[in-house]
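Asker: The structure's right below; bear with me while I get my questions together.
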Amino acid sequence: MSRDIRNICCIGAGYVGGPTMAVIADRCPEIEVRVVDLNAARIAAWNAADLSGLPVYEPGLDAIVGRCRGRNLSFSTAVDEAIAAADMVFLSVNTPTKQRGVGAGQASDLRWVEACARQVATMARGHTIVVEKSTLPVRTAATIQAILSAAQQEAGNTTFSVLSNPEFLAEGTAIRDLEEPDRVLVGGEDPDSIEALTAIYARWVPRERILTTNLWSSELSKLSANAVLAQRVSSINSIAAFCEATGADVQEVALAIGSDSRIGPGFLQAGPGFGGSCFQKDILNLAYLCESFGLPEVAAYWRAVVELNTWQQHRIARLVVGKLFNTVTAKRIGILGFAFKADTNDTRQSAAIRICRDLLEEGAHLQIFDPKVSPEQMAVDLGLAASPDLAVPDGQGSWQAVHSLEAAAEQVDALLLLTEWRQFRAIDWQAVAQRMRRPAWVFDARAVTDGAAVAAAGLHLWRVGKG
Ligand code: UDX
Ligand code: ADP
C-alpha cells in the first residue's frame, strides 16, 4: 500500500528547492507544498509581489510561482511548523566544498544537511519520508538514518524512511528539465516510500522514466553523471587548445565526433571552462571519496578533469594579455557575461571569476556587463570593490559594472565574451567597433560571434578552438 502524501516540506529555498517545489505544487494541486529556509531575505524575495524579483532567475519559473503561490505553494522561515505538518521532507540545502579541516578543498561540507536531519528528527510527527535532494557524498543517507533512528527510539511514535532523489536539472533550463525529465531517480529501501514518491512524479513523468535503485546507487549516480558531463567539457576544451595550435576548428571537430551515435552531440561546446555549483564540487568530492576507499588512481583520473578546467581559464586570461602586447595595465577591457552560463543569474564557480581576477592581477580595468548578475555579486566574487578609475597607483586592476553592451565597449582595447547570452550572438559589430580603441580585439570564449561581421568591422578576432 502506498503512503498518501498530502503535505510536503522542502528545507532550502535555493536553485534546487525553489524550482523543484514550484513544479511539484503546479502538477499536484491537492498537495500542500511548504518551502522553508533560514534566510529571511531569500524567503521575502520568494514572496515578493513583483515576480521579476524572485531570488532565482529561471525562464518560466515566475509564471508557475504566480499561479501556485497562495494556493498550495508557500515560502516561509517557519521551518519547525513545516516539518511537523509534513508527510514528506525534502532536504535541498547547500553542500559546498569544505573550506577547513579534514578533506578541506575536496570533501563536501555536510553541516547543513546534518543540522536539517537533527531538526527533522526533533520536529517530525507520525511517519515521515525524508528525501535527499541535495547532491551528497555516497552513504550520507546512512548518517541521516542514524540521526533519525536515534530520535525514533526516543520518541517512540515517530517513524522515518530515507530516500535519495537526486536532482538533475540544469540551471537556465530548470523548468523544462523538471517538466520533461530524461529520467527521475528514486533510491531507497522501503517499497512503500519509494512508491509514494514515484506516485508524485508519475503525475507528469511516464513511469518508465522513473528509475528505482538502492540508496547508494542513487547517490553515486548523481556524482557520476556530473563527473561524466564535466569530463566531456574538459575533453572538448583540451581539443580546442589543440585546434588553436594546429589550424583546426573545434566546432567542426565537435560536429564530426558528435555525429557518431555512440558519442552524441551534447556537451561538446568548447568554452572558458565549466562553472556552476555542481561540477567542480562533485568531482572533487568523488575523488576524495575514491581516495578514502583506497582508489588513488581513480581519484587522480577525475581530478585531472578539474585541473584541465582550471588551466583553460588561466590560459584564456594569459592569451588576452599576450595579444594586447603583453600588457593590460591601465587598459580597459570589456567583459561580456559574468554568469557561469546563459539564462541564469548564478555566478558560482563561473569561469568569469578566475579570468577576471587574472586580468585584474595584471592591472586591467574591466567594464563588466551581465544582463542578470548584480554588481554586488560581482564585488563578492572578485573580492574587490568596484571603482570607475583605471588601475590604481600600485598597479592593482579595477572594475566597474555597466548596464549595456555599448557601455562595456566604451574606450576598450578588447571585448572578452564569457557567457553565451542570446543578445551576444547578434551584436552590431560596426556600431560597437566605433566605441573601441584601435587596434581592438574581440576574444570570443564561447564561439558564438559571427566571425565575418567582426572582421568586417575591422576588429581582430580570437575564437576558442579556432586555429
Ligand atoms: C549541471 C548538470 O547538467 C545537472 O544535471 C546537475 O543537476 C547540476 O549540474 P548546471 O551546472 O546547472 O547543471 O549547468 P550545465 O548546463 O551542466 O553547465 C555546466 C557548465 O558547463 C557551464 O559553465 C556551461 O557553460 C559549461 N558547458 C556545458 C560547456 O562549457 N560546454 C558544454 O558543451 C556544456
Ligand atoms: P542549491 O543550489 O543546492 O539549491 P542554494 O545555496 O541555492 O543551493 O540553497 C540552499 C538553501 O538552503 C539556502 O538558501 C540556505 O539558506 C538553506 N539552508 C541551509 N541550511 C538550512 C537549514 N538548516 N534550515 C533551513 N534552510 C537552510
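Chain identifiers are assigned as A, B, and so on, following the order in which chains appear in the C-alpha cells; residues are numbered from 1 within each chain, and ligands are numbered from 1 in order of appearance.
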Residues at most 7 Å from ligand 1, using only C-alpha atoms and all ligand atoms? Could they come as a compact mmCIF listing (two decimals) with all heavy atoms, in the first residue's frame?

Answerer:
# COMPACT_ATOMS: atom_id res chain seq x y z
N GLU A 167 18.65 15.58 -7.93
CA GLU A 167 18.08 16.48 -8.92
C GLU A 167 19.05 16.62 -10.10
O GLU A 167 20.21 16.91 -9.92
CB GLU A 167 17.85 17.85 -8.26
CG GLU A 167 17.09 18.80 -9.14
CD GLU A 167 15.88 18.13 -9.77
OE1 GLU A 167 14.93 17.84 -9.06
OE2 GLU A 167 15.91 17.87 -10.99
N PHE A 168 18.55 16.41 -11.30
CA PHE A 168 19.41 16.51 -12.48
C PHE A 168 19.16 17.79 -13.27
O PHE A 168 19.65 17.94 -14.38
CB PHE A 168 19.20 15.30 -13.40
CG PHE A 168 19.68 14.00 -12.79
CD1 PHE A 168 18.79 13.06 -12.31
CD2 PHE A 168 21.04 13.74 -12.69
CE1 PHE A 168 19.23 11.86 -11.75
CE2 PHE A 168 21.50 12.55 -12.13
CZ PHE A 168 20.59 11.61 -11.66
N LEU A 169 18.34 18.70 -12.73
CA LEU A 169 18.04 19.90 -13.51
C LEU A 169 19.30 20.73 -13.73
O LEU A 169 20.19 20.77 -12.89
CB LEU A 169 16.96 20.74 -12.82
CG LEU A 169 17.25 21.45 -11.50
CD1 LEU A 169 17.99 22.75 -11.70
CD2 LEU A 169 15.95 21.71 -10.78
N ALA A 170 19.35 21.38 -14.88
CA ALA A 170 20.44 22.31 -15.15
C ALA A 170 19.87 23.71 -15.05
O ALA A 170 18.72 23.95 -15.42
CB ALA A 170 21.03 22.05 -16.53
N GLU A 171 20.67 24.63 -14.54
CA GLU A 171 20.18 25.99 -14.40
C GLU A 171 19.97 26.61 -15.77
O GLU A 171 20.69 26.31 -16.72
CB GLU A 171 21.16 26.81 -13.56
CG GLU A 171 21.12 26.38 -12.12
CD GLU A 171 22.13 27.11 -11.25
OE1 GLU A 171 22.46 28.26 -11.55
OE2 GLU A 171 22.58 26.48 -10.29
N GLY A 172 18.97 27.46 -15.85
CA GLY A 172 18.65 28.09 -17.13
C GLY A 172 17.60 27.30 -17.90
O GLY A 172 16.83 27.85 -18.67
N ASN A 226 27.41 13.97 -13.12
CA ASN A 226 28.08 15.27 -13.23
C ASN A 226 29.54 15.11 -13.63
O ASN A 226 30.08 15.91 -14.39
CB ASN A 226 27.96 16.04 -11.91
CG ASN A 226 26.60 16.72 -11.79
OD1 ASN A 226 25.91 16.91 -12.80
ND2 ASN A 226 26.21 17.10 -10.60
N LEU A 229 29.65 14.41 -17.39
CA LEU A 229 29.33 15.62 -18.18
C LEU A 229 30.51 16.59 -18.16
O LEU A 229 30.91 17.12 -19.20
CB LEU A 229 28.08 16.31 -17.61
CG LEU A 229 26.75 15.59 -17.86
CD1 LEU A 229 25.64 16.21 -17.03
CD2 LEU A 229 26.39 15.63 -19.35
N ALA A 230 31.08 16.80 -16.98
CA ALA A 230 32.22 17.71 -16.87
C ALA A 230 33.41 17.19 -17.66
O ALA A 230 34.15 17.95 -18.29
CB ALA A 230 32.60 17.88 -15.39
N VAL A 233 33.21 18.23 -21.18
CA VAL A 233 33.58 19.63 -21.39
C VAL A 233 35.11 19.77 -21.37
O VAL A 233 35.69 20.43 -22.24
CB VAL A 233 32.92 20.54 -20.33
CG1 VAL A 233 33.37 21.99 -20.50
CG2 VAL A 233 31.40 20.46 -20.42
N GLY A 266 25.70 16.26 -27.62
CA GLY A 266 25.57 17.13 -26.45
C GLY A 266 26.87 17.35 -25.70
O GLY A 266 27.78 16.52 -25.75
N PHE A 267 26.94 18.49 -25.03
CA PHE A 267 28.07 18.77 -24.14
C PHE A 267 29.43 18.70 -24.83
O PHE A 267 30.41 18.22 -24.27
CB PHE A 267 28.03 17.84 -22.93
CG PHE A 267 27.39 18.52 -21.76
CD1 PHE A 267 26.01 18.70 -21.73
CD2 PHE A 267 28.14 19.03 -20.72
CE1 PHE A 267 25.41 19.38 -20.68
CE2 PHE A 267 27.54 19.72 -19.67
CZ PHE A 267 26.18 19.89 -19.65
N LEU A 268 29.47 19.19 -26.06
CA LEU A 268 30.75 19.24 -26.78
C LEU A 268 31.04 20.67 -27.22
O LEU A 268 31.73 20.90 -28.21
CB LEU A 268 30.72 18.31 -27.99
CG LEU A 268 30.75 16.81 -27.69
CD1 LEU A 268 30.65 15.99 -28.97
CD2 LEU A 268 32.03 16.43 -26.93
N GLN A 269 30.48 21.63 -26.49
CA GLN A 269 30.71 23.03 -26.84
C GLN A 269 31.94 23.53 -26.07
O GLN A 269 31.93 23.60 -24.85
CB GLN A 269 29.46 23.83 -26.45
CG GLN A 269 29.55 25.32 -26.66
CD GLN A 269 29.63 25.70 -28.13
OE1 GLN A 269 28.84 25.22 -28.95
NE2 GLN A 269 30.61 26.53 -28.47
N ALA A 270 33.00 23.85 -26.83
CA ALA A 270 34.20 24.38 -26.17
C ALA A 270 33.89 25.75 -25.57
O ALA A 270 33.02 26.46 -26.07
CB ALA A 270 35.34 24.51 -27.18
N GLY A 271 34.56 26.10 -24.51
CA GLY A 271 34.27 27.38 -23.85
C GLY A 271 35.35 27.76 -22.87
O GLY A 271 36.47 27.23 -22.93
N PRO A 272 35.01 28.66 -21.95
CA PRO A 272 36.01 29.14 -21.00
C PRO A 272 36.17 28.20 -19.81
O PRO A 272 36.80 28.56 -18.82
CB PRO A 272 35.44 30.48 -20.54
CG PRO A 272 33.96 30.30 -20.65
CD PRO A 272 33.72 29.36 -21.81
N GLY A 273 35.62 27.02 -19.89
CA GLY A 273 35.68 26.08 -18.77
C GLY A 273 34.37 26.05 -18.05
O GLY A 273 33.64 27.04 -18.00
N PHE A 274 34.04 24.89 -17.50
CA PHE A 274 32.74 24.76 -16.83
C PHE A 274 32.73 25.51 -15.50
O PHE A 274 33.75 25.64 -14.83
CB PHE A 274 32.33 23.31 -16.63
CG PHE A 274 33.34 22.45 -15.89
CD1 PHE A 274 33.48 22.54 -14.52
CD2 PHE A 274 34.12 21.53 -16.58
CE1 PHE A 274 34.38 21.73 -13.83
CE2 PHE A 274 35.03 20.72 -15.91
CZ PHE A 274 35.17 20.82 -14.54
N GLY A 275 31.55 26.02 -15.15
CA GLY A 275 31.33 26.61 -13.84
C GLY A 275 30.09 25.98 -13.26
O GLY A 275 29.68 24.89 -13.65
N GLY A 276 29.47 26.72 -12.34
CA GLY A 276 28.25 26.19 -11.72
C GLY A 276 28.56 25.56 -10.38
O GLY A 276 29.71 25.26 -10.07
N SER A 277 27.51 25.33 -9.63
CA SER A 277 27.72 24.88 -8.25
C SER A 277 28.04 23.40 -8.15
O SER A 277 28.45 22.92 -7.11
CB SER A 277 26.46 25.17 -7.44
OG SER A 277 25.42 24.33 -7.88
N CYS A 278 27.86 22.66 -9.25
CA CYS A 278 27.95 21.20 -9.13
C CYS A 278 29.24 20.55 -9.61
O CYS A 278 29.83 19.75 -8.89
CB CYS A 278 26.78 20.55 -9.88
SG CYS A 278 25.22 20.78 -9.03
N PHE A 279 29.63 20.86 -10.85
CA PHE A 279 30.66 20.03 -11.48
C PHE A 279 31.94 19.92 -10.66
O PHE A 279 32.38 18.82 -10.31
CB PHE A 279 30.98 20.55 -12.88
CG PHE A 279 29.94 20.21 -13.92
CD1 PHE A 279 28.81 19.47 -13.58
CD2 PHE A 279 30.09 20.60 -15.24
CE1 PHE A 279 27.85 19.15 -14.53
CE2 PHE A 279 29.15 20.28 -16.20
CZ PHE A 279 28.03 19.56 -15.85
N PHE A 340 27.73 31.88 -14.95
CA PHE A 340 28.50 30.70 -15.37
C PHE A 340 27.97 30.08 -16.66
O PHE A 340 28.64 29.29 -17.30
CB PHE A 340 28.60 29.67 -14.25
CG PHE A 340 27.42 28.75 -14.09
CD1 PHE A 340 27.41 27.49 -14.70
CD2 PHE A 340 26.33 29.13 -13.32
CE1 PHE A 340 26.33 26.63 -14.55
CE2 PHE A 340 25.24 28.27 -13.16
CZ PHE A 340 25.24 27.02 -13.78
N LYS A 341 26.75 30.47 -17.06
CA LYS A 341 26.19 30.09 -18.34
C LYS A 341 25.03 31.05 -18.62
O LYS A 341 24.68 31.84 -17.75
CB LYS A 341 25.70 28.63 -18.32
CG LYS A 341 24.61 28.38 -17.30
CD LYS A 341 24.31 26.91 -17.17
CE LYS A 341 23.16 26.50 -18.05
NZ LYS A 341 22.64 25.16 -17.71
N SER A 350 31.85 30.48 -11.67
CA SER A 350 31.84 30.95 -13.06
C SER A 350 33.27 31.15 -13.56
O SER A 350 34.14 31.66 -12.84
CB SER A 350 31.09 32.28 -13.14
OG SER A 350 31.13 32.76 -14.47

Asker: Would you name the residues within 8 Å of ligand 2, counting only C-alpha atoms and all ligand atoms, and put them as an NGL selection string?

Answerer: :A and (11-18 or 36-39 or 42 or 77 or 79 or 92-95 or 112-113 or 115-116 or 119 or 134-135 or 277)

Asker: With N, CA, C and O atoms retained, could you export that selection as an mmCIF file, in the first residue's frame?

Answerer:
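And here's out19.cif as it stands now:
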data_model
loop_
_atom_site.group_PDB
_atom_site.id
_atom_site.type_symbol
_atom_site.label_atom_id
_atom_site.label_comp_id
_atom_site.auth_asym_id
_atom_site.auth_seq_id
_atom_site.Cartn_x
_atom_site.Cartn_y
_atom_site.Cartn_z
ATOM 1 N N ILE A 11 13.206 21.847 2.793
ATOM 2 C CA ILE A 11 14.129 22.710 3.538
ATOM 3 C C ILE A 11 15.211 23.178 2.566
ATOM 4 O O ILE A 11 15.956 22.368 2.011
ATOM 5 N N GLY A 12 15.279 24.480 2.351
ATOM 6 C CA GLY A 12 16.233 25.070 1.400
ATOM 7 C C GLY A 12 15.488 25.645 0.217
ATOM 8 O O GLY A 12 14.903 24.914 -0.580
ATOM 9 N N ALA A 13 15.481 26.984 0.122
ATOM 10 C CA ALA A 13 14.741 27.661 -0.953
ATOM 11 C C ALA A 13 15.725 28.205 -1.982
ATOM 12 O O ALA A 13 15.668 29.365 -2.360
ATOM 13 N N GLY A 14 16.638 27.349 -2.435
ATOM 14 C CA GLY A 14 17.667 27.793 -3.369
ATOM 15 C C GLY A 14 17.349 27.437 -4.811
ATOM 16 O O GLY A 14 16.189 27.288 -5.189
ATOM 17 N N TYR A 15 18.407 27.271 -5.589
ATOM 18 C CA TYR A 15 18.258 26.983 -7.021
ATOM 19 C C TYR A 15 17.603 25.627 -7.264
ATOM 20 O O TYR A 15 16.983 25.412 -8.288
ATOM 21 N N VAL A 16 17.788 24.695 -6.324
ATOM 22 C CA VAL A 16 17.176 23.380 -6.481
ATOM 23 C C VAL A 16 15.786 23.360 -5.847
ATOM 24 O O VAL A 16 14.788 23.049 -6.498
ATOM 25 N N GLY A 17 15.723 23.713 -4.552
ATOM 26 C CA GLY A 17 14.453 23.622 -3.821
ATOM 27 C C GLY A 17 13.347 24.465 -4.425
ATOM 28 O O GLY A 17 12.223 23.979 -4.614
ATOM 29 N N GLY A 18 13.643 25.710 -4.753
ATOM 30 C CA GLY A 18 12.608 26.629 -5.247
ATOM 31 C C GLY A 18 11.929 26.111 -6.514
ATOM 32 O O GLY A 18 10.717 25.821 -6.517
ATOM 33 N N VAL A 36 10.766 26.101 3.021
ATOM 34 C CA VAL A 36 11.252 26.886 4.161
ATOM 35 C C VAL A 36 12.761 27.082 4.072
ATOM 36 O O VAL A 36 13.479 26.271 3.489
ATOM 37 N N ASP A 37 13.201 28.176 4.665
ATOM 38 C CA ASP A 37 14.636 28.495 4.625
ATOM 39 C C ASP A 37 14.938 29.398 5.813
ATOM 40 O O ASP A 37 14.087 30.167 6.251
ATOM 41 N N LEU A 38 16.150 29.294 6.338
ATOM 42 C CA LEU A 38 16.554 30.151 7.459
ATOM 43 C C LEU A 38 16.811 31.573 6.987
ATOM 44 O O LEU A 38 16.746 32.517 7.772
ATOM 45 N N ASN A 39 17.105 31.708 5.718
ATOM 46 C CA ASN A 39 17.473 33.002 5.151
ATOM 47 C C ASN A 39 16.208 33.831 4.884
ATOM 48 O O ASN A 39 15.507 33.637 3.891
ATOM 49 N N ARG A 42 15.893 35.801 1.596
ATOM 50 C CA ARG A 42 15.594 34.959 0.444
ATOM 51 C C ARG A 42 14.103 34.610 0.402
ATOM 52 O O ARG A 42 13.473 34.634 -0.645
ATOM 53 N N THR A 77 9.879 31.130 6.772
ATOM 54 C CA THR A 77 11.024 30.779 7.621
ATOM 55 C C THR A 77 10.574 29.861 8.766
ATOM 56 O O THR A 77 11.374 29.526 9.632
ATOM 57 N N VAL A 79 10.432 26.872 9.819
ATOM 58 C CA VAL A 79 10.945 25.541 9.492
ATOM 59 C C VAL A 79 10.284 24.461 10.360
ATOM 60 O O VAL A 79 9.800 23.442 9.849
ATOM 61 N N SER A 92 16.981 20.145 0.658
ATOM 62 C CA SER A 92 17.582 20.822 -0.511
ATOM 63 C C SER A 92 18.509 21.919 -0.054
ATOM 64 O O SER A 92 18.471 23.033 -0.559
ATOM 65 N N VAL A 93 19.316 21.619 0.943
ATOM 66 C CA VAL A 93 20.222 22.641 1.470
ATOM 67 C C VAL A 93 21.559 22.565 0.753
ATOM 68 O O VAL A 93 21.840 21.611 0.019
ATOM 69 N N ASN A 94 22.365 23.573 0.969
ATOM 70 C CA ASN A 94 23.641 23.634 0.258
ATOM 71 C C ASN A 94 24.671 22.670 0.832
ATOM 72 O O ASN A 94 24.700 22.428 2.036
ATOM 73 N N THR A 95 25.494 22.130 -0.041
ATOM 74 C CA THR A 95 26.562 21.195 0.368
ATOM 75 C C THR A 95 27.859 21.615 -0.321
ATOM 76 O O THR A 95 28.373 20.900 -1.171
ATOM 77 N N TRP A 112 25.158 21.504 7.041
ATOM 78 C CA TRP A 112 23.773 21.963 6.895
ATOM 79 C C TRP A 112 22.819 20.770 6.769
ATOM 80 O O TRP A 112 21.714 20.804 7.261
ATOM 81 N N VAL A 113 23.309 19.729 6.099
ATOM 82 C CA VAL A 113 22.478 18.529 5.965
ATOM 83 C C VAL A 113 22.264 17.893 7.336
ATOM 84 O O VAL A 113 21.152 17.519 7.704
ATOM 85 N N ALA A 115 22.447 19.365 10.252
ATOM 86 C CA ALA A 115 21.582 20.223 11.082
ATOM 87 C C ALA A 115 20.118 19.987 10.720
ATOM 88 O O ALA A 115 19.254 19.890 11.595
ATOM 89 N N CYS A 116 19.862 19.846 9.427
ATOM 90 C CA CYS A 116 18.475 19.607 8.990
ATOM 91 C C CYS A 116 17.973 18.269 9.500
ATOM 92 O O CYS A 116 16.833 18.164 9.956
ATOM 93 N N GLN A 119 16.992 18.567 12.962
ATOM 94 C CA GLN A 119 15.753 19.343 13.127
ATOM 95 C C GLN A 119 14.544 18.487 12.748
ATOM 96 O O GLN A 119 13.519 18.507 13.426
ATOM 97 N N SER A 134 19.633 17.375 -2.187
ATOM 98 C CA SER A 134 20.957 17.955 -2.419
ATOM 99 C C SER A 134 21.889 16.846 -2.900
ATOM 100 O O SER A 134 21.696 15.687 -2.560
ATOM 101 N N THR A 135 22.906 17.224 -3.665
ATOM 102 C CA THR A 135 23.904 16.224 -4.072
ATOM 103 C C THR A 135 24.768 15.909 -2.870
ATOM 104 O O THR A 135 25.334 16.802 -2.257
ATOM 105 N N SER A 277 27.514 25.331 -9.631
ATOM 106 C CA SER A 277 27.719 24.878 -8.252
ATOM 107 C C SER A 277 28.041 23.398 -8.155
ATOM 108 O O SER A 277 28.451 22.923 -7.111
#

Asker: Using DSSP on the backbone coordinates, identify all residues within range 202-355 of chain A classified as alpha helix (DSSP H); present the result as number ranges by chain.

Answerer: A: 215-246, 250-258, 279-292, 296-323, 351-355

Asker: Taking only C-alpha atoms into account, which of A:Gly451, A:Gly397, A:Pro55, A:Pro388 comes nearest Asp358 in chain A?

Answerer: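 Closest to Asp358 in chain A of all the choices is A:Gly397.
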
Asker: Report the distance between CA of Leu286 in chain A and CA of Arg354 in chain A in Å, rounded to one decimal place.

Answerer: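 One can read the CA of Leu286 in chain A to CA of Arg354 in chain A distance as 22.9 Å.
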
Asker: Might you pull out every residue within 12 Å of Glu58 in chain A, with only C-alpha atoms counted and same-chain residues fewer than 6 positions away left off, and present them as a PyMOL selection string?

Answerer: chain A and resi 14-16+18-20+22+51-52+64-65+169-178+342-346+372

Asker: So what do you get for CA of Val162 in chain A versus CA of Ile31 in chain A, distance-wise?

Answerer: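 Between CA of Val162 in chain A and CA of Ile31 in chain A the gap works out to 19.9 Å.
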
Asker: Which neighbours of Asp413 in chain A fall inside 10 Å, counting only C-alpha atoms, when residues of the same chain fewer than 2 positions from it are skipped, and could you give them as a PyMOL selection string?

Answerer: chain A and resi 324+328+331-334+409-411+415+435-442

Asker: May I have the residues from that selection written out with N, CA, C and O atoms, as an mmCIF file, in the first residue's frame?

Answerer:
data_model
loop_
_atom_site.group_PDB
_atom_site.id
_atom_site.type_symbol
_atom_site.label_atom_id
_atom_site.label_comp_id
_atom_site.auth_asym_id
_atom_site.auth_seq_id
_atom_site.Cartn_x
_atom_site.Cartn_y
_atom_site.Cartn_z
ATOM 1 N N LEU A 324 47.363 41.555 -26.354
ATOM 2 C CA LEU A 324 47.350 43.007 -26.128
ATOM 3 C C LEU A 324 48.774 43.494 -25.816
ATOM 4 O O LEU A 324 48.989 44.240 -24.864
ATOM 5 N N VAL A 328 48.352 44.650 -19.991
ATOM 6 C CA VAL A 328 46.998 45.202 -19.933
ATOM 7 C C VAL A 328 46.894 46.225 -18.798
ATOM 8 O O VAL A 328 45.814 46.699 -18.485
ATOM 9 N N LYS A 331 44.769 49.329 -19.054
ATOM 10 C CA LYS A 331 43.970 49.240 -20.284
ATOM 11 C C LYS A 331 42.550 48.845 -19.923
ATOM 12 O O LYS A 331 42.337 48.072 -18.992
ATOM 13 N N ARG A 332 41.603 49.334 -20.716
ATOM 14 C CA ARG A 332 40.202 48.962 -20.493
ATOM 15 C C ARG A 332 39.871 47.704 -21.290
ATOM 16 O O ARG A 332 40.202 47.604 -22.478
ATOM 17 N N ILE A 333 39.217 46.770 -20.617
ATOM 18 C CA ILE A 333 38.750 45.557 -21.297
ATOM 19 C C ILE A 333 37.270 45.389 -20.951
ATOM 20 O O ILE A 333 36.886 45.475 -19.775
ATOM 21 N N GLY A 334 36.431 45.180 -21.967
ATOM 22 C CA GLY A 334 35.004 44.960 -21.723
ATOM 23 C C GLY A 334 34.741 43.470 -21.529
ATOM 24 O O GLY A 334 35.235 42.637 -22.297
ATOM 25 N N ALA A 409 31.800 48.430 -24.156
ATOM 26 C CA ALA A 409 32.743 48.591 -25.269
ATOM 27 C C ALA A 409 33.431 49.956 -25.266
ATOM 28 O O ALA A 409 34.415 50.160 -25.989
ATOM 29 N N GLU A 410 32.956 50.870 -24.439
ATOM 30 C CA GLU A 410 33.447 52.245 -24.458
ATOM 31 C C GLU A 410 34.951 52.313 -24.172
ATOM 32 O O GLU A 410 35.407 51.909 -23.098
ATOM 33 N N GLN A 411 35.716 52.774 -25.172
ATOM 34 C CA GLN A 411 37.167 53.033 -25.000
ATOM 35 C C GLN A 411 38.016 51.797 -24.724
ATOM 36 O O GLN A 411 39.164 51.917 -24.307
ATOM 37 N N LEU A 415 37.139 43.275 -26.194
ATOM 38 C CA LEU A 415 35.924 42.752 -25.579
ATOM 39 C C LEU A 415 36.144 41.258 -25.401
ATOM 40 O O LEU A 415 36.608 40.576 -26.327
ATOM 41 N N ARG A 435 33.153 52.403 -30.811
ATOM 42 C CA ARG A 435 33.395 52.814 -29.424
ATOM 43 C C ARG A 435 34.757 52.344 -28.905
ATOM 44 O O ARG A 435 35.208 52.789 -27.859
ATOM 45 N N MET A 436 35.391 51.426 -29.622
ATOM 46 C CA MET A 436 36.607 50.813 -29.095
ATOM 47 C C MET A 436 37.872 51.565 -29.541
ATOM 48 O O MET A 436 37.865 52.245 -30.550
ATOM 49 N N ARG A 437 38.940 51.388 -28.762
ATOM 50 C CA ARG A 437 40.224 51.984 -29.125
ATOM 51 C C ARG A 437 40.963 51.021 -30.054
ATOM 52 O O ARG A 437 40.942 49.824 -29.823
ATOM 53 N N ARG A 438 41.619 51.532 -31.093
ATOM 54 C CA ARG A 438 42.295 50.651 -32.050
ATOM 55 C C ARG A 438 43.782 50.523 -31.717
ATOM 56 O O ARG A 438 44.354 51.488 -31.211
ATOM 57 N N PRO A 439 44.439 49.422 -32.074
ATOM 58 C CA PRO A 439 43.827 48.207 -32.612
ATOM 59 C C PRO A 439 42.986 47.515 -31.544
ATOM 60 O O PRO A 439 43.358 47.516 -30.372
ATOM 61 N N ALA A 440 41.881 46.924 -31.974
ATOM 62 C CA ALA A 440 40.951 46.354 -30.997
ATOM 63 C C ALA A 440 40.730 44.868 -31.262
ATOM 64 O O ALA A 440 40.711 44.422 -32.401
ATOM 65 N N TRP A 441 40.530 44.158 -30.184
ATOM 66 C CA TRP A 441 40.344 42.703 -30.251
ATOM 67 C C TRP A 441 38.972 42.273 -29.727
ATOM 68 O O TRP A 441 38.442 42.890 -28.810
ATOM 69 N N VAL A 442 38.482 41.196 -30.312
ATOM 70 C CA VAL A 442 37.329 40.505 -29.739
ATOM 71 C C VAL A 442 37.820 39.109 -29.362
ATOM 72 O O VAL A 442 38.369 38.387 -30.216
#

Asker: Which distance in Å separates CA of Ile210 in chain A and CA of Ile24 in chain A, to one decimal?

Answerer: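 Interatomic distance here is 15.1 Å.
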
Asker: Can you list, as a list in words, all residues belonging to range 301-418 of chain A that DSSP tags as strand (DSSP E or B)?

Answerer: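 Of range 301-418 of chain A, only Arg332, Ile333, Gly334, Ile335, Leu336, His365, Leu366, Gln367, Ile368, Phe369, Ser398, Trp399, Gln400, Ala401, Ala414, Leu415, Leu416 and Leu417 of chain A fall in strand (DSSP E or B).
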